[in-house]
Amino acid sequence: MNRFADFTINRRATLLDAAERIERNHSRAVIVTEGEKVIGVIGEGDVLRALLNGVDIHAPLDDFVQHNFKYMHAPEPAECLALFKRHGITMVPIVDEEFRLTGVLTLQQVLEGMRAGGE
């Protein structure tokens with residue numbers, strides 16, 4: 001099984017699929033992939049805006065993917081926390097040079113790491 005299955009979704013999936021994945025991962029977003037490559041993200045706000053604009057819940061994700069997304073090449077929690085604060089996001093994909101997903105840092109993980117380090 002894909003260790004990032006709760007955080008990723010294929011670009012050919014639907015808005016409903018994205019909403020279900022976002023509900024499962026508790027990170028308010030999901031990473032959109034094409035094959036092995038990360039091509040963008042879609043957040044719960046993107047799904048909600050689409051639905052409020054009358055888009056069918058079974059519409060493909062392609063028109064709603066945010067291709068201009070924040071990512072990192074190495075899991076640096078302090079730098080990641082700065083991205084969370086600056087951009088109001090709750091998840092950052094960690095990718096290699098070919099944009100293959102190698103990890104995911106969530107706000108919850110970073111805060112738990114800070115809490116554990118401070119005790």
# chains A, B, ... in the order shown; residues from 1 in each chain; ligands from 1
call {"tool": "residues_around", "arguments": {"residues": "Gln66 in chain A", "least_positions_apart": "5", "cutoff": "8 Å", "atoms": "only C-alpha atoms", "output": "list in words"}}
result
Gly40, Val41 and Ile42 of chain A
call {"tool": "write_last_selection", "arguments": {"atoms": "all heavy atoms", "output": "mmCIF file, in the first residue's frame"}}
result
data_model
loop_
_atom_site.group_PDB
_atom_site.id
_atom_site.type_symbol
_atom_site.label_atom_id
_atom_site.label_comp_id
_atom_site.auth_asym_id
_atom_site.auth_seq_id
_atom_site.Cartn_x
_atom_site.Cartn_y
_atom_site.Cartn_z
ATOM 1 N N GLY A 40 0.378 19.321 -8.038
ATOM 2 C CA GLY A 40 -0.303 20.404 -7.356
ATOM 3 C C GLY A 40 -0.980 19.924 -6.089
ATOM 4 O O GLY A 40 -0.758 18.807 -5.632
ATOM 5 N N VAL A 41 -1.803 20.798 -5.547
ATOM 6 C CA VAL A 41 -2.596 20.471 -4.368
ATOM 7 C C VAL A 41 -4.017 20.977 -4.591
ATOM 8 O O VAL A 41 -4.255 21.850 -5.427
ATOM 9 C CB VAL A 41 -2.019 21.075 -3.065
ATOM 10 C CG1 VAL A 41 -0.641 20.541 -2.760
ATOM 11 C CG2 VAL A 41 -2.009 22.590 -3.123
ATOM 12 N N ILE A 42 -4.925 20.435 -3.835
ATOM 13 C CA ILE A 42 -6.290 20.957 -3.802
ATOM 14 C C ILE A 42 -6.713 20.965 -2.338
ATOM 15 O O ILE A 42 -6.512 19.991 -1.611
ATOM 16 C CB ILE A 42 -7.261 20.151 -4.691
ATOM 17 C CG1 ILE A 42 -8.634 20.841 -4.729
ATOM 18 C CG2 ILE A 42 -7.350 18.708 -4.270
ATOM 19 C CD1 ILE A 42 -9.542 20.319 -5.830
#
call {"tool": "residues_around", "arguments": {"residues": "Glu98 in chain A", "least_positions_apart": "5", "cutoff": "10 Å", "atoms": "only C-alpha atoms", "output": "count of residues only"}}
result
3
call {"tool": "atom_distance", "arguments": {"atom1": "CA of Thr90 in chain A", "atom2": "CA of Met72 in chain A"}}
result
13.6 Å
call {"tool": "select_by_dssp", "arguments": {"residues": "chain A", "states": "alpha helix (DSSP H)", "output": "MDAnalysis selection string"}}
result
chainID A and resid 15:25 44:52 77:87 107:118
call {"tool": "residues_around", "arguments": {"residues": "Asn10 in chain A", "least_positions_apart": "3", "cutoff": "8 Å", "atoms": "only C-alpha atoms", "output": "list of chain:residue names"}}
result
A:Ala13, A:Val32, A:Thr33, A:Glu34, A:Gly35
call {"tool": "write_last_selection", "arguments": {"atoms": "N, CA and C atoms", "output": "PDB file, in the first residue's frame"}}
result
ATOM      1  N   ALA A  13      -9.143  11.983 -10.501  1.00  0.00           N
ATOM      2  CA  ALA A  13     -10.184  11.759  -9.494  1.00  0.00           C
ATOM      3  C   ALA A  13     -11.201  12.903  -9.544  1.00  0.00           C
ATOM      4  N   VAL A  32      -2.045  16.389  -5.307  1.00  0.00           N
ATOM      5  CA  VAL A  32      -2.518  15.836  -6.575  1.00  0.00           C
ATOM      6  C   VAL A  32      -1.316  15.318  -7.370  1.00  0.00           C
ATOM      7  N   THR A  33      -1.445  14.083  -7.840  1.00  0.00           N
ATOM      8  CA  THR A  33      -0.350  13.451  -8.574  1.00  0.00           C
ATOM      9  C   THR A  33      -0.788  13.033  -9.969  1.00  0.00           C
ATOM     10  N   GLU A  34       0.209  12.912 -10.823  1.00  0.00           N
ATOM     11  CA  GLU A  34       0.023  12.323 -12.142  1.00  0.00           C
ATOM     12  C   GLU A  34       1.146  11.307 -12.273  1.00  0.00           C
ATOM     13  N   GLY A  35       0.783  10.034 -12.264  1.00  0.00           N
ATOM     14  CA  GLY A  35       1.805   8.999 -12.193  1.00  0.00           C
ATOM     15  C   GLY A  35       2.511   9.119 -10.856  1.00  0.00           C
TER      16      GLY A  35
END
call {"tool": "closest_residue", "arguments": {"among": "A:Ile22, A:Ala116, A:Leu107, A:Ile94", "to": "Phe69 in chain A", "atoms": "only C-alpha atoms"}}
result
A:Ile94
